[in-house]
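Written below as structure tokens is the structure these notes are about.
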Amino acid sequence: MARHRTKRRVNGGSTQAPIPMTSLMDILTCLLLFVLKSVVLEGEVISPVPGVSLPESSSNSAAQNSIAIAIFDDVVMMDGEVIATVSKVVKSDNLMIAPLASRLRDAHEKSEEIAKLRGDTEEFRGRASIQGDREITFAILQRVMFTCSQSGYEEISLAVLEKS
Amino acid sequence: MPRRARRSSGHVVDGYLELMPLMNVLVALLPMLLLSAVFVKVTVIDLDAPPAAEAPAPAADKPSLALAVTIKDDYYVVEGQQIAKRVIQRAAADAGVQLAGALADVVVQHPENQEIMIISQPHTKYEDIIAVMDISREAGLPSVSLLGD
């Protein structure tokens with residue numbers, strides 16, 4: 001590079017020094033390969049709800065398309081909407097969370113209608129994935145699971161972060 | 001074309017690659033990929049519904065083991081039919097290893113059983129339940145159901 005520059009000056013050519021692009025290209029290529037490696041091609045079926053700190057697990061089962069219910073801090077959320085407050089739900093002896101049950105029934109009916117319109121003959125299999133914060137207690141988890149199974153969502157899975 | 005012009009004017013020909021367009025592409029591609037990249041993968045643990053009260057009793061020739069791990073405040077209890085009850089202190093540094101060992105012993109004695117029930121207290125933390133589920137699965141008991149005490 002230095003030799004080229006000297007030559008140019010001697011010959012009376014342009015004195016404009018070219019930007020050394022090769023090193024920059026090397027950095028960008030390495031970065032691109034690293035990012036490409038970390039991209040999940042299958043696409044994310046579950047995207048963690050902001051605010052939920054999922055526990056880590058050694059499980060490597062891939063998530064399936066399902067209804068996501070998030071439990072964190074003091075709220076139970078479904079489709080980005082707050083459905084119930086944990087402190088109130090836990091106080092009740094009833095394991096059924098009424099607002100969640102009605103939302104699940106609505107979702108169930110909608111899925112069945114869509115299946116009918118599409119002409120699917122398969123029986124409805126309700127799948128729910130629970131995104132629970134690591135700090136929640138079993139009392140609320142039990143109530144959410146019970147409500148799901150009573151509302152036709154019997155295939156329940158717990159969302160976790162894969163241990164690296 | 002520009003090369004020929006240069007030659008005629010007596011300039012030294014420098015064969016620089018035109019890297020700018022490639023740079024532009026890479027600079028546009030990188031933020032896009034960085035935004036869509038997933039650095040932490042979300043997986044799931046599939047649960048089995050706990051045995052229903054009205055479910056038919058298992059056949060006499062295949063008695064159910066009813067293997068259960070109870071998570072108490074201070075200790076784990078591993079129990080079931082035809083299994084010696086074991087109590088493992090949670091405060092011990094190797095509580096997880098001891099629990100894994102106890103479950104591995106059960107798996108060796110009863111290789112046909114793949115089911116385990118995890119019985120939790122209402123105030124048991126979700127993180128602790130997941131940890132016991134992991135230990136069970138790694139010990140060879142993939143079919144986990146959650147129950148309340």
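Note on naming: chains are A, B, ... as they come in the structure tokens, residues start from 1 per chain, ligands start from 1 in the order shown.
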message = Taking only C-alpha atoms into account and nothing else, which residues of chain A lie no more than 6 Å away from chain B? Please answer as a VMD selection string.
response = chain A and resid 38 to 39 55 60 to 63 134 to 139 156 to 162
Please dump the current selection as a short mmCIF file (atom, residue, chain, number, x, y, z; two decimals), in the first residue's frame; keep all heavy atoms.
```cif
data_model
loop_
_atom_site.label_atom_id
_atom_site.label_comp_id
_atom_site.auth_asym_id
_atom_site.auth_seq_id
_atom_site.Cartn_x
_atom_site.Cartn_y
_atom_site.Cartn_z
N SER A 38 -26.28 -17.64 14.04
CA SER A 38 -27.20 -17.56 15.17
C SER A 38 -28.66 -17.37 14.74
O SER A 38 -29.55 -17.41 15.57
CB SER A 38 -26.79 -16.44 16.11
OG SER A 38 -26.93 -15.22 15.43
N VAL A 39 -28.90 -17.17 13.47
CA VAL A 39 -30.28 -17.00 13.00
C VAL A 39 -30.97 -18.36 12.97
O VAL A 39 -30.43 -19.32 12.46
CB VAL A 39 -30.30 -16.36 11.60
CG1 VAL A 39 -31.70 -16.43 10.99
CG2 VAL A 39 -29.86 -14.92 11.66
N PRO A 55 -37.14 -19.60 33.24
CA PRO A 55 -36.09 -20.42 33.85
C PRO A 55 -35.31 -21.19 32.78
O PRO A 55 -35.82 -21.39 31.67
CB PRO A 55 -36.88 -21.39 34.75
CG PRO A 55 -38.24 -21.43 34.18
CD PRO A 55 -38.48 -20.16 33.47
N ASN A 60 -34.75 -29.80 25.11
CA ASN A 60 -34.53 -29.24 23.78
C ASN A 60 -35.70 -29.52 22.83
O ASN A 60 -35.52 -29.52 21.62
CB ASN A 60 -33.20 -29.73 23.18
CG ASN A 60 -33.09 -31.22 23.23
OD1 ASN A 60 -34.07 -31.91 23.51
ND2 ASN A 60 -31.92 -31.76 22.96
N SER A 61 -36.87 -29.74 23.41
CA SER A 61 -38.07 -29.95 22.56
C SER A 61 -38.45 -28.63 21.90
O SER A 61 -38.53 -27.61 22.59
CB SER A 61 -39.26 -30.42 23.39
OG SER A 61 -38.89 -31.41 24.27
N ALA A 62 -38.69 -28.71 20.61
CA ALA A 62 -39.06 -27.49 19.89
C ALA A 62 -40.50 -27.11 20.24
O ALA A 62 -41.34 -27.98 20.46
CB ALA A 62 -38.93 -27.72 18.40
N ALA A 63 -40.74 -25.82 20.27
CA ALA A 63 -42.08 -25.33 20.59
C ALA A 63 -43.01 -25.53 19.40
O ALA A 63 -42.58 -25.41 18.26
CB ALA A 63 -42.01 -23.87 20.96
N ARG A 134 -39.44 -17.13 36.48
CA ARG A 134 -38.83 -18.11 37.38
C ARG A 134 -39.23 -17.91 38.84
O ARG A 134 -39.09 -18.80 39.65
CB ARG A 134 -37.31 -18.12 37.22
CG ARG A 134 -36.65 -16.78 37.42
CD ARG A 134 -35.16 -16.86 37.19
NE ARG A 134 -34.84 -17.04 35.78
CZ ARG A 134 -33.64 -17.39 35.34
NH1 ARG A 134 -32.69 -17.64 36.18
NH2 ARG A 134 -33.41 -17.50 34.04
N GLU A 135 -39.74 -16.73 39.17
CA GLU A 135 -40.08 -16.42 40.57
C GLU A 135 -41.52 -16.76 40.94
O GLU A 135 -41.88 -16.64 42.10
CB GLU A 135 -39.84 -14.92 40.84
CG GLU A 135 -38.38 -14.49 40.76
CD GLU A 135 -37.51 -15.16 41.82
OE1 GLU A 135 -37.99 -15.31 42.95
OE2 GLU A 135 -36.36 -15.54 41.49
N ILE A 136 -42.35 -17.16 39.98
CA ILE A 136 -43.75 -17.43 40.32
C ILE A 136 -43.86 -18.70 41.18
O ILE A 136 -42.95 -19.53 41.17
CB ILE A 136 -44.65 -17.56 39.06
CG1 ILE A 136 -44.22 -18.74 38.19
CG2 ILE A 136 -44.66 -16.27 38.27
CD1 ILE A 136 -45.23 -19.15 37.15
N THR A 137 -44.99 -18.83 41.85
CA THR A 137 -45.15 -20.00 42.73
C THR A 137 -46.04 -21.05 42.05
O THR A 137 -46.71 -20.76 41.07
CB THR A 137 -45.81 -19.59 44.06
OG1 THR A 137 -47.05 -18.98 43.75
CG2 THR A 137 -44.94 -18.64 44.84
N PHE A 138 -46.02 -22.23 42.64
CA PHE A 138 -46.82 -23.33 42.07
C PHE A 138 -48.31 -23.04 42.15
O PHE A 138 -49.08 -23.49 41.30
CB PHE A 138 -46.48 -24.64 42.79
CG PHE A 138 -47.23 -25.81 42.25
CD1 PHE A 138 -47.00 -26.30 40.97
CD2 PHE A 138 -48.22 -26.43 43.01
CE1 PHE A 138 -47.71 -27.37 40.46
CE2 PHE A 138 -48.94 -27.50 42.50
CZ PHE A 138 -48.68 -27.97 41.23
N ALA A 139 -48.71 -22.26 43.17
CA ALA A 139 -50.14 -21.99 43.37
C ALA A 139 -50.76 -21.38 42.11
O ALA A 139 -51.82 -21.82 41.65
CB ALA A 139 -50.32 -21.05 44.56
N ILE A 156 -50.41 -29.14 27.53
CA ILE A 156 -49.76 -27.97 28.14
C ILE A 156 -48.25 -28.14 28.10
O ILE A 156 -47.73 -29.23 28.38
CB ILE A 156 -50.25 -27.78 29.60
CG1 ILE A 156 -51.76 -27.57 29.61
CG2 ILE A 156 -49.54 -26.62 30.27
CD1 ILE A 156 -52.39 -27.65 30.97
N SER A 157 -47.57 -27.09 27.71
CA SER A 157 -46.11 -27.13 27.76
C SER A 157 -45.59 -25.89 28.46
O SER A 157 -46.24 -24.84 28.45
CB SER A 157 -45.53 -27.26 26.35
OG SER A 157 -46.07 -26.27 25.53
N LEU A 158 -44.45 -26.04 29.08
CA LEU A 158 -43.86 -24.92 29.82
C LEU A 158 -42.69 -24.38 29.01
O LEU A 158 -41.80 -25.13 28.62
CB LEU A 158 -43.36 -25.40 31.18
CG LEU A 158 -44.38 -26.09 32.08
CD1 LEU A 158 -43.71 -26.63 33.34
CD2 LEU A 158 -45.50 -25.13 32.48
N ALA A 159 -42.72 -23.08 28.74
CA ALA A 159 -41.64 -22.47 27.96
C ALA A 159 -40.43 -22.22 28.86
O ALA A 159 -40.58 -21.74 29.98
CB ALA A 159 -42.12 -21.16 27.35
N VAL A 160 -39.27 -22.60 28.35
CA VAL A 160 -38.02 -22.41 29.11
C VAL A 160 -36.93 -21.94 28.16
O VAL A 160 -37.08 -22.03 26.95
CB VAL A 160 -37.57 -23.73 29.79
CG1 VAL A 160 -38.41 -24.07 30.98
CG2 VAL A 160 -37.54 -24.87 28.79
N LEU A 161 -35.85 -21.46 28.73
CA LEU A 161 -34.71 -21.08 27.91
C LEU A 161 -33.76 -22.28 27.84
O LEU A 161 -33.51 -22.92 28.86
CB LEU A 161 -33.96 -19.90 28.52
CG LEU A 161 -34.69 -18.57 28.57
CD1 LEU A 161 -33.77 -17.50 29.13
CD2 LEU A 161 -35.15 -18.15 27.18
N GLU A 162 -33.28 -22.54 26.66
CA GLU A 162 -32.36 -23.67 26.51
C GLU A 162 -31.04 -23.34 27.19
O GLU A 162 -30.47 -22.27 26.95
CB GLU A 162 -32.13 -23.95 25.02
CG GLU A 162 -31.47 -25.27 24.77
CD GLU A 162 -31.30 -25.54 23.29
OE1 GLU A 162 -31.18 -24.59 22.51
OE2 GLU A 162 -31.26 -26.72 22.92
#
```
task = Just the strand (DSSP E) stuff from region 14-133 of chain B, please, per backbone DSSP, written as number ranges by chain.
result = B: 42-46, 68-71, 75-80, 83-89, 115-120
Give me a file of those residues, with N, CA, C and O atoms, as a tab-separated table (two decimals), in the first residue's frame.
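Final output, selection_35.tsv:
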```
chain	number	residue	atom	x	y	z
B	42	VAL	N	-35.77	-20.44	22.79
B	42	VAL	CA	-36.85	-20.84	23.72
B	42	VAL	C	-37.30	-22.25	23.34
B	42	VAL	O	-37.65	-22.51	22.20
B	43	THR	N	-37.25	-23.15	24.31
B	43	THR	CA	-37.73	-24.51	24.09
B	43	THR	C	-38.90	-24.76	25.04
B	43	THR	O	-39.26	-23.87	25.81
B	44	VAL	N	-39.47	-25.93	24.97
B	44	VAL	CA	-40.60	-26.22	25.88
B	44	VAL	C	-40.42	-27.55	26.60
B	44	VAL	O	-39.68	-28.42	26.14
B	45	ILE	N	-41.09	-27.69	27.71
B	45	ILE	CA	-41.17	-28.97	28.42
B	45	ILE	C	-42.62	-29.40	28.31
B	45	ILE	O	-43.52	-28.68	28.76
B	46	ASP	N	-42.84	-30.53	27.68
B	46	ASP	CA	-44.22	-31.02	27.54
B	46	ASP	C	-44.64	-31.71	28.82
B	46	ASP	O	-43.89	-32.49	29.39
B	68	ALA	N	-43.10	-40.75	42.80
B	68	ALA	CA	-43.36	-39.33	43.05
B	68	ALA	C	-42.18	-38.67	43.77
B	68	ALA	O	-41.53	-39.30	44.61
B	69	VAL	N	-41.91	-37.45	43.38
B	69	VAL	CA	-40.93	-36.64	44.12
B	69	VAL	C	-41.71	-35.49	44.73
B	69	VAL	O	-42.38	-34.73	44.02
B	70	THR	N	-41.65	-35.38	46.04
B	70	THR	CA	-42.34	-34.28	46.71
B	70	THR	C	-41.29	-33.21	47.06
B	70	THR	O	-40.25	-33.53	47.63
B	71	ILE	N	-41.60	-31.98	46.63
B	71	ILE	CA	-40.68	-30.88	46.94
B	71	ILE	C	-41.19	-30.18	48.19
B	71	ILE	O	-42.19	-29.48	48.14
B	75	TYR	N	-36.60	-30.37	52.11
B	75	TYR	CA	-36.13	-31.66	51.59
B	75	TYR	C	-36.98	-32.17	50.43
B	75	TYR	O	-38.10	-31.71	50.20
B	76	TYR	N	-36.40	-33.12	49.70
B	76	TYR	CA	-37.13	-33.83	48.64
B	76	TYR	C	-37.47	-35.21	49.19
B	76	TYR	O	-36.67	-35.80	49.92
B	77	VAL	N	-38.64	-35.72	48.84
B	77	VAL	CA	-39.00	-37.08	49.22
B	77	VAL	C	-39.25	-37.87	47.94
B	77	VAL	O	-40.07	-37.46	47.11
B	78	VAL	N	-38.52	-38.96	47.78
B	78	VAL	CA	-38.73	-39.84	46.62
B	78	VAL	C	-39.46	-41.07	47.15
B	78	VAL	O	-38.96	-41.75	48.04
B	79	GLU	N	-40.65	-41.31	46.64
B	79	GLU	CA	-41.40	-42.45	47.13
B	79	GLU	C	-42.26	-43.05	46.03
B	79	GLU	O	-42.42	-42.46	44.96
B	80	GLY	N	-42.79	-44.20	46.31
B	80	GLY	CA	-43.65	-44.89	45.35
B	80	GLY	C	-43.89	-46.30	45.84
B	80	GLY	O	-43.33	-46.72	46.86
B	83	ILE	N	-40.95	-49.10	46.34
B	83	ILE	CA	-39.71	-48.32	46.38
B	83	ILE	C	-39.47	-47.85	47.81
B	83	ILE	O	-40.41	-47.39	48.47
B	84	ALA	N	-38.23	-48.00	48.26
B	84	ALA	CA	-37.91	-47.52	49.60
B	84	ALA	C	-37.94	-45.99	49.59
B	84	ALA	O	-37.37	-45.37	48.68
B	85	LYS	N	-38.61	-45.41	50.58
B	85	LYS	CA	-38.74	-43.95	50.64
B	85	LYS	C	-37.38	-43.32	50.92
B	85	LYS	O	-36.63	-43.80	51.77
B	86	ARG	N	-37.05	-42.27	50.18
B	86	ARG	CA	-35.78	-41.59	50.42
B	86	ARG	C	-36.01	-40.11	50.65
B	86	ARG	O	-36.78	-39.48	49.93
B	87	VAL	N	-35.34	-39.58	51.64
B	87	VAL	CA	-35.46	-38.15	51.95
B	87	VAL	C	-34.09	-37.50	51.70
B	87	VAL	O	-33.08	-37.99	52.16
B	88	ILE	N	-34.10	-36.45	50.90
B	88	ILE	CA	-32.84	-35.77	50.55
B	88	ILE	C	-32.94	-34.31	51.00
B	88	ILE	O	-33.89	-33.61	50.62
B	89	GLN	N	-32.00	-33.89	51.80
B	89	GLN	CA	-31.99	-32.51	52.31
B	89	GLN	C	-31.68	-31.55	51.16
B	89	GLN	O	-30.70	-31.73	50.43
B	115	GLU	N	-42.67	-42.85	34.07
B	115	GLU	CA	-43.51	-41.77	34.59
B	115	GLU	C	-43.07	-41.33	35.97
B	115	GLU	O	-42.60	-42.14	36.77
B	116	ILE	N	-43.24	-40.05	36.20
B	116	ILE	CA	-42.94	-39.52	37.52
B	116	ILE	C	-43.90	-38.37	37.81
B	116	ILE	O	-44.27	-37.63	36.90
B	117	MET	N	-44.30	-38.27	39.07
B	117	MET	CA	-45.16	-37.15	39.48
B	117	MET	C	-44.32	-36.22	40.35
B	117	MET	O	-43.58	-36.71	41.21
B	118	ILE	N	-44.43	-34.95	40.10
B	118	ILE	CA	-43.72	-33.98	40.94
B	118	ILE	C	-44.77	-33.26	41.77
B	118	ILE	O	-45.65	-32.58	41.23
B	119	ILE	N	-44.70	-33.47	43.06
B	119	ILE	CA	-45.70	-32.90	43.97
B	119	ILE	C	-45.09	-31.66	44.64
B	119	ILE	O	-44.04	-31.76	45.29
B	120	SER	N	-45.74	-30.52	44.42
B	120	SER	CA	-45.19	-29.26	44.93
B	120	SER	C	-46.11	-28.64	45.97
B	120	SER	O	-47.31	-28.91	46.00
```
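Interatomic distance, CA of Pro99 (chain A) against CA of Phe146 (chain A): 13.3 Å.
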ask   = Which parts of chain A does DSSP call helix (DSSP H, G or I) when run on the backbone here, written out as a VMD selection string?
value = chain A and resid 2 to 11 21 to 38 86 to 91 98 to 118 138 to 150
With C-alpha atoms retained, write the just-selected residues as a PDB file, in the first residue's frame.
```
ATOM      1  CA  ALA A   2       2.817   2.411   0.955  1.00  0.00           C
ATOM      2  CA  ARG A   3       4.657   1.666  -2.268  1.00  0.00           C
ATOM      3  CA  HIS A   4       1.616   2.520  -4.355  1.00  0.00           C
ATOM      4  CA  ARG A   5       1.161   5.823  -2.670  1.00  0.00           C
ATOM      5  CA  THR A   6       4.794   6.815  -3.200  1.00  0.00           C
ATOM      6  CA  LYS A   7       4.580   5.866  -6.855  1.00  0.00           C
ATOM      7  CA  ARG A   8       1.531   7.989  -7.388  1.00  0.00           C
ATOM      8  CA  ARG A   9       3.082  11.027  -5.895  1.00  0.00           C
ATOM      9  CA  VAL A  10       6.250  10.636  -7.963  1.00  0.00           C
ATOM     10  CA  ASN A  11       4.241  10.266 -11.126  1.00  0.00           C
ATOM     11  CA  MET A  21     -11.298  -1.490   2.677  1.00  0.00           C
ATOM     12  CA  THR A  22      -9.933  -5.006   2.903  1.00  0.00           C
ATOM     13  CA  SER A  23      -9.628  -5.073   6.707  1.00  0.00           C
ATOM     14  CA  LEU A  24     -13.114  -3.573   7.075  1.00  0.00           C
ATOM     15  CA  MET A  25     -14.474  -6.179   4.690  1.00  0.00           C
ATOM     16  CA  ASP A  26     -12.834  -8.920   6.752  1.00  0.00           C
ATOM     17  CA  ILE A  27     -14.526  -7.662   9.920  1.00  0.00           C
ATOM     18  CA  LEU A  28     -17.913  -7.393   8.231  1.00  0.00           C
ATOM     19  CA  THR A  29     -17.626 -10.845   6.678  1.00  0.00           C
ATOM     20  CA  CYS A  30     -16.771 -12.406  10.062  1.00  0.00           C
ATOM     21  CA  LEU A  31     -19.675 -10.558  11.686  1.00  0.00           C
ATOM     22  CA  LEU A  32     -22.044 -11.631   8.946  1.00  0.00           C
ATOM     23  CA  LEU A  33     -21.073 -15.290   9.301  1.00  0.00           C
ATOM     24  CA  PHE A  34     -21.516 -15.102  13.084  1.00  0.00           C
ATOM     25  CA  VAL A  35     -24.954 -13.523  12.784  1.00  0.00           C
ATOM     26  CA  LEU A  36     -26.032 -15.981  10.085  1.00  0.00           C
ATOM     27  CA  LYS A  37     -25.028 -18.855  12.358  1.00  0.00           C
ATOM     28  CA  SER A  38     -27.204 -17.562  15.172  1.00  0.00           C
ATOM     29  CA  VAL A  86     -51.866 -13.226  40.613  1.00  0.00           C
ATOM     30  CA  SER A  87     -52.408 -11.995  44.186  1.00  0.00           C
ATOM     31  CA  LYS A  88     -56.205 -12.084  43.791  1.00  0.00           C
ATOM     32  CA  VAL A  89     -56.280 -15.437  41.999  1.00  0.00           C
ATOM     33  CA  VAL A  90     -54.066 -17.157  44.571  1.00  0.00           C
ATOM     34  CA  LYS A  91     -56.281 -16.046  47.464  1.00  0.00           C
ATOM     35  CA  ALA A  98     -62.867 -17.358  35.296  1.00  0.00           C
ATOM     36  CA  PRO A  99     -61.598 -14.546  32.986  1.00  0.00           C
ATOM     37  CA  LEU A 100     -58.873 -16.799  31.576  1.00  0.00           C
ATOM     38  CA  ALA A 101     -61.368 -19.620  31.060  1.00  0.00           C
ATOM     39  CA  SER A 102     -63.714 -17.366  29.067  1.00  0.00           C
ATOM     40  CA  ARG A 103     -60.821 -16.103  26.901  1.00  0.00           C
ATOM     41  CA  LEU A 104     -59.684 -19.669  26.267  1.00  0.00           C
ATOM     42  CA  ARG A 105     -63.212 -20.733  25.339  1.00  0.00           C
ATOM     43  CA  ASP A 106     -63.409 -17.833  22.865  1.00  0.00           C
ATOM     44  CA  ALA A 107     -60.088 -18.863  21.343  1.00  0.00           C
ATOM     45  CA  HIS A 108     -61.284 -22.468  21.212  1.00  0.00           C
ATOM     46  CA  GLU A 109     -64.470 -21.470  19.366  1.00  0.00           C
ATOM     47  CA  LYS A 110     -62.520 -19.308  16.920  1.00  0.00           C
ATOM     48  CA  SER A 111     -60.085 -22.117  16.137  1.00  0.00           C
ATOM     49  CA  GLU A 112     -62.967 -24.524  15.553  1.00  0.00           C
ATOM     50  CA  GLU A 113     -64.684 -22.049  13.233  1.00  0.00           C
ATOM     51  CA  ILE A 114     -61.472 -21.549  11.252  1.00  0.00           C
ATOM     52  CA  ALA A 115     -60.968 -25.318  11.077  1.00  0.00           C
ATOM     53  CA  LYS A 116     -64.544 -25.709   9.800  1.00  0.00           C
ATOM     54  CA  LEU A 117     -64.062 -23.047   7.130  1.00  0.00           C
ATOM     55  CA  ARG A 118     -60.848 -24.661   6.027  1.00  0.00           C
ATOM     56  CA  PHE A 138     -46.816 -23.328  42.069  1.00  0.00           C
ATOM     57  CA  ALA A 139     -50.145 -21.986  43.365  1.00  0.00           C
ATOM     58  CA  ILE A 140     -50.669 -19.734  40.329  1.00  0.00           C
ATOM     59  CA  LEU A 141     -49.142 -22.236  37.898  1.00  0.00           C
ATOM     60  CA  GLN A 142     -51.544 -24.913  39.143  1.00  0.00           C
ATOM     61  CA  ARG A 143     -54.544 -22.628  38.670  1.00  0.00           C
ATOM     62  CA  VAL A 144     -53.508 -21.649  35.144  1.00  0.00           C
ATOM     63  CA  MET A 145     -52.868 -25.298  34.219  1.00  0.00           C
ATOM     64  CA  PHE A 146     -56.185 -26.388  35.689  1.00  0.00           C
ATOM     65  CA  THR A 147     -58.048 -23.633  33.826  1.00  0.00           C
ATOM     66  CA  CYS A 148     -56.339 -24.589  30.560  1.00  0.00           C
ATOM     67  CA  SER A 149     -57.154 -28.284  30.860  1.00  0.00           C
ATOM     68  CA  GLN A 150     -60.781 -27.536  31.826  1.00  0.00           C
TER      69      GLN A 150
END
```
inquiry  = Can you pull out the residues contacting Val76 (chain A)? Cut-off 7 Å, using only C-alpha atoms, and skip same-chain residues under 6 positions away; I want them as a ChimeraX atom specification.
reply    = /A:70,82-86
key: Among the residues B:Ser136, B:Ser143, B:Asn24, B:Ser64, the one that comes closest to Ala104 (chain B) [using only C-alpha atoms]   = B:Ser136
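Coordinates place CA of Val49 (chain A) at a distance of 20.3 Å from CA of Ser164 (chain A).
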request  = Please provide the set of residues having any atom within 10 Å of region 91-94 of chain B, restricted to only C-alpha atoms, with same-chain residues fewer than 3 positions apart removed, written as a PyMOL selection string.
outcome  = chain B and resi 73-75+88+97-100
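Here CA of Glu81 (chain A) stands at a distance of 29.2 Å from CA of Asp120 (chain A).
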